[in-house]
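**Q** run27.tsv is the file, holding TSV, C-alpha atoms:
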chain	number	residue	atom	x	y	z
A	1	MET	CA	-39.20	-41.63	9.47
A	2	MET	CA	-41.56	-44.13	7.90
A	3	GLN	CA	-43.36	-46.41	10.34
A	4	LEU	CA	-43.25	-50.08	9.36
A	5	THR	CA	-46.48	-52.04	9.67
A	6	ARG	CA	-46.67	-55.58	10.99
A	7	ARG	CA	-47.19	-56.77	7.42
A	8	ASP	CA	-44.06	-54.91	6.31
A	9	GLU	CA	-42.08	-56.71	9.01
A	10	GLN	CA	-43.59	-60.06	8.05
A	11	MET	CA	-42.76	-59.48	4.39
A	12	ILE	CA	-39.13	-58.71	5.21
A	13	GLU	CA	-38.98	-61.81	7.41
A	14	TRP	CA	-40.41	-63.89	4.57
A	15	LEU	CA	-37.97	-62.45	2.04
A	16	SER	CA	-35.11	-63.28	4.39
A	17	VAL	CA	-36.24	-66.92	4.29
A	18	VAL	CA	-36.79	-67.26	0.52
A	19	ARG	CA	-33.87	-64.87	-0.23
A	20	MET	CA	-35.43	-63.37	-3.36
A	21	ALA	CA	-38.80	-63.13	-5.10
A	22	ASP	CA	-40.32	-61.76	-8.28
A	23	ILE	CA	-43.32	-59.44	-8.48
A	24	ASP	CA	-45.77	-62.33	-8.82
A	25	ALA	CA	-44.63	-63.88	-5.52
A	26	ILE	CA	-44.64	-60.47	-3.83
A	27	ARG	CA	-48.27	-60.00	-4.90
A	28	TRP	CA	-49.37	-63.31	-3.35
A	29	ALA	CA	-47.36	-62.86	-0.16
A	30	LEU	CA	-48.72	-59.36	0.43
A	31	SER	CA	-52.26	-60.59	-0.03
A	32	GLY	CA	-51.87	-63.56	2.28
A	33	LEU	CA	-50.08	-61.67	5.05
A	34	LYS	CA	-52.72	-58.94	5.02
A	35	ASN	CA	-55.76	-61.18	5.30
A	36	GLY	CA	-54.47	-64.49	6.60
A	37	HIS	CA	-56.14	-66.15	3.62
A	38	ALA	CA	-56.37	-64.93	0.04
A	39	ASP	CA	-57.88	-66.38	-3.12
A	40	ASP	CA	-56.27	-63.70	-5.28
A	41	PRO	CA	-53.05	-61.66	-5.13
A	42	VAL	CA	-52.88	-57.90	-4.69
A	43	THR	CA	-52.56	-55.85	-7.86
A	44	VAL	CA	-49.24	-55.28	-9.59
A	45	ARG	CA	-49.58	-51.58	-8.78
A	46	ARG	CA	-50.02	-52.29	-5.05
A	47	ALA	CA	-47.03	-54.66	-5.05
A	48	ASN	CA	-44.84	-52.10	-6.83
A	49	GLN	CA	-45.87	-49.45	-4.32
A	50	TRP	CA	-44.79	-51.71	-1.46
A	51	ILE	CA	-41.46	-52.48	-3.14
A	52	ALA	CA	-40.80	-48.78	-3.78
A	53	ARG	CA	-41.64	-47.90	-0.17
A	54	MET	CA	-39.27	-50.56	1.21
A	55	ALA	CA	-36.54	-49.58	-1.26
A	56	GLU	CA	-36.84	-45.95	-0.19
A	57	VAL	CA	-35.86	-46.86	3.38
A	58	GLY	CA	-33.18	-49.31	2.25
A	59	LEU	CA	-34.84	-52.56	3.29
A	60	VAL	CA	-35.09	-54.13	-0.17
A	61	ASP	CA	-33.16	-53.88	-3.38
A	62	ARG	CA	-34.29	-54.79	-6.88
A	63	VAL	CA	-33.08	-55.45	-10.39
A	64	ARG	CA	-34.63	-56.42	-13.70
A	65	PRO	CA	-32.25	-58.83	-15.45
A	66	MET	CA	-32.19	-58.62	-19.23
A	67	TYR	CA	-33.11	-62.29	-19.54
A	68	ARG	CA	-36.21	-62.07	-17.32
A	69	ASP	CA	-39.47	-60.21	-17.86
A	70	ARG	CA	-39.97	-59.27	-14.19
A	71	GLN	CA	-37.98	-57.44	-11.56
A	72	ILE	CA	-36.33	-59.43	-8.79
A	73	VAL	CA	-36.52	-58.22	-5.19
A	74	TRP	CA	-34.39	-59.21	-2.18
A	75	PRO	CA	-33.84	-57.93	1.37
A	76	THR	CA	-30.78	-55.75	1.90
A	77	HIS	CA	-27.96	-56.09	4.41
A	78	LEU	CA	-29.71	-53.41	6.48
A	79	ALA	CA	-32.80	-55.61	6.70
A	80	THR	CA	-31.19	-58.98	7.37
A	81	GLY	CA	-27.51	-58.47	8.16
A	82	ARG	CA	-26.64	-60.70	5.20
A	83	ALA	CA	-25.06	-59.97	1.85
A	84	ALA	CA	-27.20	-59.77	-1.28
A	85	PRO	CA	-27.91	-63.16	-2.89
A	86	ALA	CA	-25.83	-64.24	-5.86
A	87	LEU	CA	-27.89	-63.56	-8.95
A	88	PHE	CA	-26.65	-66.49	-11.02
A	89	ARG	CA	-29.22	-67.68	-13.52
A	90	GLN	CA	-29.60	-71.35	-12.44
A	91	THR	CA	-29.61	-70.57	-8.73
A	92	MET	CA	-31.97	-67.67	-9.24
A	93	ARG	CA	-34.38	-69.72	-11.35
A	94	HIS	CA	-34.80	-72.27	-8.60
A	95	GLU	CA	-34.99	-69.79	-5.73
A	96	LEU	CA	-37.60	-67.70	-7.51
A	97	ALA	CA	-39.65	-70.84	-8.15
A	98	VAL	CA	-39.47	-71.72	-4.44
A	99	ALA	CA	-40.61	-68.19	-3.57
A	100	ALA	CA	-43.55	-68.52	-5.98
A	101	VAL	CA	-44.69	-71.65	-4.15
A	102	SER	CA	-44.00	-70.23	-0.70
A	103	ALA	CA	-46.07	-67.09	-1.42
A	104	ARG	CA	-49.05	-69.19	-2.43
A	105	TYR	CA	-48.81	-71.17	0.79
A	106	LEU	CA	-48.75	-67.91	2.75
A	107	ALA	CA	-51.93	-66.92	0.92
A	108	ARG	CA	-53.60	-70.02	2.33
A	109	GLY	CA	-52.65	-69.28	5.90
A	110	TYR	CA	-49.59	-71.53	6.15
A	111	ARG	CA	-46.31	-70.61	7.81
A	112	TRP	CA	-43.18	-71.13	5.70
A	113	SER	CA	-39.77	-72.04	7.05
A	114	ARG	CA	-36.53	-73.58	5.94
A	115	ASP	CA	-35.94	-77.26	6.56
A	116	HIS	CA	-33.34	-78.52	9.00
A	117	ILE	CA	-29.72	-78.59	7.85
A	118	PRO	CA	-28.62	-82.13	6.88
A	119	GLN	CA	-26.59	-83.76	9.63
A	120	THR	CA	-25.18	-86.66	7.60
A	121	VAL	CA	-24.65	-87.58	3.95
A	122	LEU	CA	-27.77	-89.76	4.22
A	123	ASP	CA	-29.91	-86.82	5.32
A	124	HIS	CA	-31.85	-84.63	2.87
A	125	GLN	CA	-33.01	-81.01	3.06
A	126	VAL	CA	-36.25	-80.11	1.29
A	127	ASP	CA	-36.84	-76.68	-0.23
A	128	GLY	CA	-39.30	-75.55	2.40
A	129	VAL	CA	-41.64	-76.63	5.17
A	130	ALA	CA	-45.24	-75.38	5.18
A	131	THR	CA	-47.21	-75.73	8.41
A	132	LYS	CA	-50.80	-74.94	9.33
A	133	GLY	CA	-52.21	-76.28	12.56
A	134	ASP	CA	-51.42	-79.99	12.59
A	135	LEU	CA	-50.58	-80.05	8.88
A	136	VAL	CA	-46.91	-80.30	7.96
A	137	GLU	CA	-45.98	-80.38	4.28
A	138	LEU	CA	-42.46	-80.84	2.95
A	139	ILE	CA	-42.08	-78.89	-0.29
A	140	GLU	CA	-39.75	-79.82	-3.14
A	141	VAL	CA	-39.39	-77.59	-6.18
A	142	GLU	CA	-37.88	-79.62	-9.02
A	143	LEU	CA	-37.16	-77.96	-12.35
A	144	THR	CA	-34.48	-80.40	-13.50
A	145	ALA	CA	-34.48	-84.12	-12.84
A	146	LYS	CA	-31.77	-85.47	-10.56
A	147	LYS	CA	-29.71	-88.51	-11.39
A	148	ILE	CA	-31.89	-91.58	-10.92
A	149	ALA	CA	-29.59	-93.04	-8.28
A	150	ARG	CA	-30.24	-90.06	-6.00
A	151	TYR	CA	-33.99	-90.58	-5.92
A	152	ARG	CA	-33.65	-93.82	-3.98
A	153	LEU	CA	-31.97	-92.04	-1.08
A	154	ILE	CA	-34.23	-88.98	-1.28
A	155	HIS	CA	-37.50	-90.92	-1.46
A	156	GLN	CA	-36.44	-93.26	1.33
A	157	HIS	CA	-35.80	-90.16	3.41
A	158	HIS	CA	-39.24	-88.81	2.48
A	159	GLY	CA	-40.79	-92.11	3.50
A	160	GLN	CA	-39.13	-91.93	6.90
A	161	ARG	CA	-40.43	-88.43	7.51
A	162	ILE	CA	-43.94	-89.37	6.41
A	163	ALA	CA	-43.81	-92.28	8.86
A	164	GLY	CA	-42.64	-89.79	11.48
A	165	GLY	CA	-45.73	-87.62	11.16
A	166	VAL	CA	-45.28	-85.40	8.09
A	167	SER	CA	-48.65	-84.89	6.40
A	168	ARG	CA	-47.40	-84.82	2.80
A	169	VAL	CA	-44.42	-84.36	0.56
A	170	VAL	CA	-45.38	-82.06	-2.32
A	171	TYR	CA	-43.29	-81.84	-5.49
A	172	LEU	CA	-43.86	-78.81	-7.72
A	173	CYS	CA	-42.28	-79.60	-11.07
A	174	THR	CA	-42.06	-79.24	-14.80
A	175	ALA	CA	-44.01	-81.90	-16.70
A	176	ASP	CA	-40.99	-84.10	-17.49
A	177	VAL	CA	-39.64	-83.97	-13.97
A	178	ALA	CA	-43.05	-84.74	-12.45
A	179	ARG	CA	-43.14	-88.00	-14.39
A	180	THR	CA	-39.65	-88.95	-13.22
A	181	VAL	CA	-40.38	-88.13	-9.58
A	182	SER	CA	-43.63	-90.13	-9.61
A	183	ARG	CA	-42.01	-93.14	-11.25
A	184	GLU	CA	-39.16	-93.26	-8.75
A	185	ALA	CA	-41.52	-92.69	-5.80
A	186	ASP	CA	-43.48	-95.77	-6.95
A	187	ARG	CA	-40.24	-97.75	-6.65
A	188	PHE	CA	-38.88	-96.50	-3.36
A	189	ILE	CA	-41.74	-95.39	-1.07
A	190	PHE	CA	-43.77	-97.98	0.83
A	191	ARG	CA	-47.20	-98.55	-0.63
A	192	ASP	CA	-49.01	-97.39	2.53
A	193	ASP	CA	-47.18	-94.04	2.38
A	194	ARG	CA	-47.10	-93.54	-1.38
A	195	SER	CA	-50.33	-91.53	-1.59
A	196	ARG	CA	-48.82	-88.89	0.68
A	197	LEU	CA	-46.20	-87.91	-1.88
A	198	ILE	CA	-47.81	-85.93	-4.67
A	199	THR	CA	-46.48	-84.26	-7.79
A	200	LEU	CA	-47.96	-81.25	-9.55
A	201	THR	CA	-46.90	-79.75	-12.88
A	202	VAL	CA	-46.90	-76.01	-12.28
A	203	PHE	CA	-43.65	-74.74	-13.88
A	204	ASP	CA	-42.32	-74.45	-17.41
A	205	GLN	CA	-38.68	-75.14	-18.31
A	206	GLN	CA	-37.67	-71.57	-17.38
A	207	GLY	CA	-39.15	-71.91	-13.91
A	208	LYS	CA	-42.15	-69.70	-14.64
A	209	TRP	CA	-45.41	-70.59	-12.90
A	210	ILE	CA	-47.85	-71.97	-15.46
A	211	GLY	CA	-50.21	-73.84	-13.16
A	212	GLY	CA	-53.58	-72.48	-12.20
A	213	ASP	CA	-53.21	-70.33	-9.11
A	214	HIS	CA	-55.38	-72.78	-7.20
A	215	ASP	CA	-53.68	-76.01	-8.36
A	216	LEU	CA	-52.11	-76.47	-4.94
A	217	TRP	CA	-55.54	-76.70	-3.34
A	218	ARG	CA	-57.30	-79.14	-5.67
A	219	THR	CA	-59.45	-81.63	-3.83
A	220	ASP	CA	-57.76	-84.51	-5.70
A	221	ARG	CA	-54.22	-83.51	-4.71
A	222	THR	CA	-53.89	-86.48	-2.39
So, in terms of structure tokens, how does the structure I just supplied come out?

**A**
Amino acid sequence: MMQLTRRDEQMIEWLSVVRMADIDAIRWALSGLKNGHADDPVTVRRANQWIARMAEVGLVDRVRPMYRDRQIVWPTHLATGRAAPALFRQTMRHELAVAAVSARYLARGYRWSRDHIPQTVLDHQVDGVATKGDLVELIEVELTAKKIARYRLIHQHHGQRIAGGVSRVVYLCTADVARTVSREADRFIFRDDRSRLITLTVFDQQGKWIGGDHDLWRTDRT
């Protein structure tokens, strides 16, 4: 029987959080979990070897949809006790984009977790929480702009969490959505907190990562 390494276990744990990932995210996550910090992902060959090894023992499953140019990987019921994710195009596009961001945070030594479940209609759940030491970043992946009226509630919620000790709120967007998010943040977040909500254009309309792989770590990101 194949012996799982600690990194194998961590990868399965990570996949159970993000639900699914493409080969690009797998490459970054493998690199980060191996070294604790990585400037570059592992090779495609190394990532495919890991996927094949996990598939052989039934811990991951994979598919290559006709409308995507990369295979999609998710943890099986054996690995997580949960059913396979629904592979609907819109849901999958967003979840894969979240995984792409999450993997890059792992490569910089952050831990990635889900946000708390909203308790009221006035509460808001972000796409992920990245923590490293005292740093706490709330991550929003936005590929399609929300209705303008929703941004008032969402940004007020972000402002409250920034005031409560969150280091930053980071929006990873398409170009059009980044402009909308920034404009509405200017309206609804207090001036003293505004610099701690940042927007980066890193995705195209299909949810594919187009940013430089180090855009998240630019010195001017604040």

**Q** Quick one: residues within 12 Å of segment 1-10 of chain A, all atoms listed in the file counted, chain neighbours fewer than 4 positions away excluded, as JSON, numbers by chain?

**A** {"A": [14, 15, 16, 17, 26, 29, 30, 31, 32, 33, 34, 35, 36, 47, 50, 51, 53, 54, 55, 56, 57, 58, 59, 60, 75, 79, 80, 106, 111, 112]}

**Q** Export C-alpha atoms of the chosen residues as an mmCIF file, in the coordinates of the input?

**A**
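Listed below is the output, selection-v8.cif:
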data_model
loop_
_atom_site.group_PDB
_atom_site.id
_atom_site.type_symbol
_atom_site.label_atom_id
_atom_site.label_comp_id
_atom_site.auth_asym_id
_atom_site.auth_seq_id
_atom_site.Cartn_x
_atom_site.Cartn_y
_atom_site.Cartn_z
ATOM 1 C CA TRP A 14 -40.410 -63.890 4.570
ATOM 2 C CA LEU A 15 -37.970 -62.450 2.040
ATOM 3 C CA SER A 16 -35.110 -63.280 4.390
ATOM 4 C CA VAL A 17 -36.240 -66.920 4.290
ATOM 5 C CA ILE A 26 -44.640 -60.470 -3.830
ATOM 6 C CA ALA A 29 -47.360 -62.860 -0.160
ATOM 7 C CA LEU A 30 -48.720 -59.360 0.430
ATOM 8 C CA SER A 31 -52.260 -60.590 -0.030
ATOM 9 C CA GLY A 32 -51.870 -63.560 2.280
ATOM 10 C CA LEU A 33 -50.080 -61.670 5.050
ATOM 11 C CA LYS A 34 -52.720 -58.940 5.020
ATOM 12 C CA ASN A 35 -55.760 -61.180 5.300
ATOM 13 C CA GLY A 36 -54.470 -64.490 6.600
ATOM 14 C CA ALA A 47 -47.030 -54.660 -5.050
ATOM 15 C CA TRP A 50 -44.790 -51.710 -1.460
ATOM 16 C CA ILE A 51 -41.460 -52.480 -3.140
ATOM 17 C CA ARG A 53 -41.640 -47.900 -0.170
ATOM 18 C CA MET A 54 -39.270 -50.560 1.210
ATOM 19 C CA ALA A 55 -36.540 -49.580 -1.260
ATOM 20 C CA GLU A 56 -36.840 -45.950 -0.190
ATOM 21 C CA VAL A 57 -35.860 -46.860 3.380
ATOM 22 C CA GLY A 58 -33.180 -49.310 2.250
ATOM 23 C CA LEU A 59 -34.840 -52.560 3.290
ATOM 24 C CA VAL A 60 -35.090 -54.130 -0.170
ATOM 25 C CA PRO A 75 -33.840 -57.930 1.370
ATOM 26 C CA ALA A 79 -32.800 -55.610 6.700
ATOM 27 C CA THR A 80 -31.190 -58.980 7.370
ATOM 28 C CA LEU A 106 -48.750 -67.910 2.750
ATOM 29 C CA ARG A 111 -46.310 -70.610 7.810
ATOM 30 C CA TRP A 112 -43.180 -71.130 5.700
#

**Q** To one decimal in Å, tell me the separation between atom CA of Ala107 of chain A and atom CA of His37 of chain A.

**A** 5.1 Å

**Q** From the options A:Arg27, A:Arg108, A:Arg46, A:Arg62, which residue's atoms come nearest to Thr131 of chain A, counting all atoms listed in the file?

**A**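 Nearest to Thr131 of chain A: A:Arg108.
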
**Q** Taking 3 positions as the minimum chain separation for residues in the same chain, which residues sit within 8 Å of segment 117-127 of chain A when counting all atoms listed in the file? Answer as an mmCIF file with C-alpha atoms, keeping the file's coordinate frame.

**A**
data_model
loop_
_atom_site.group_PDB
_atom_site.id
_atom_site.type_symbol
_atom_site.label_atom_id
_atom_site.label_comp_id
_atom_site.auth_asym_id
_atom_site.auth_seq_id
_atom_site.Cartn_x
_atom_site.Cartn_y
_atom_site.Cartn_z
ATOM 1 C CA VAL A 98 -39.470 -71.720 -4.440
ATOM 2 C CA ARG A 114 -36.530 -73.580 5.940
ATOM 3 C CA LEU A 138 -42.460 -80.840 2.950
ATOM 4 C CA ILE A 139 -42.080 -78.890 -0.290
ATOM 5 C CA GLU A 140 -39.750 -79.820 -3.140
ATOM 6 C CA VAL A 141 -39.390 -77.590 -6.180
ATOM 7 C CA LEU A 153 -31.970 -92.040 -1.080
ATOM 8 C CA ILE A 154 -34.230 -88.980 -1.280
ATOM 9 C CA HIS A 157 -35.800 -90.160 3.410
#

**Q** Every residue with an atom at most 12 Å from (-35.4, -51.7, -10.9) (file coordinates; only C-alpha atoms) is what I'm after, so could you write them as a ChimeraX atom specification?

**A** /A:22-23,48,51-52,55,60-66,69-74
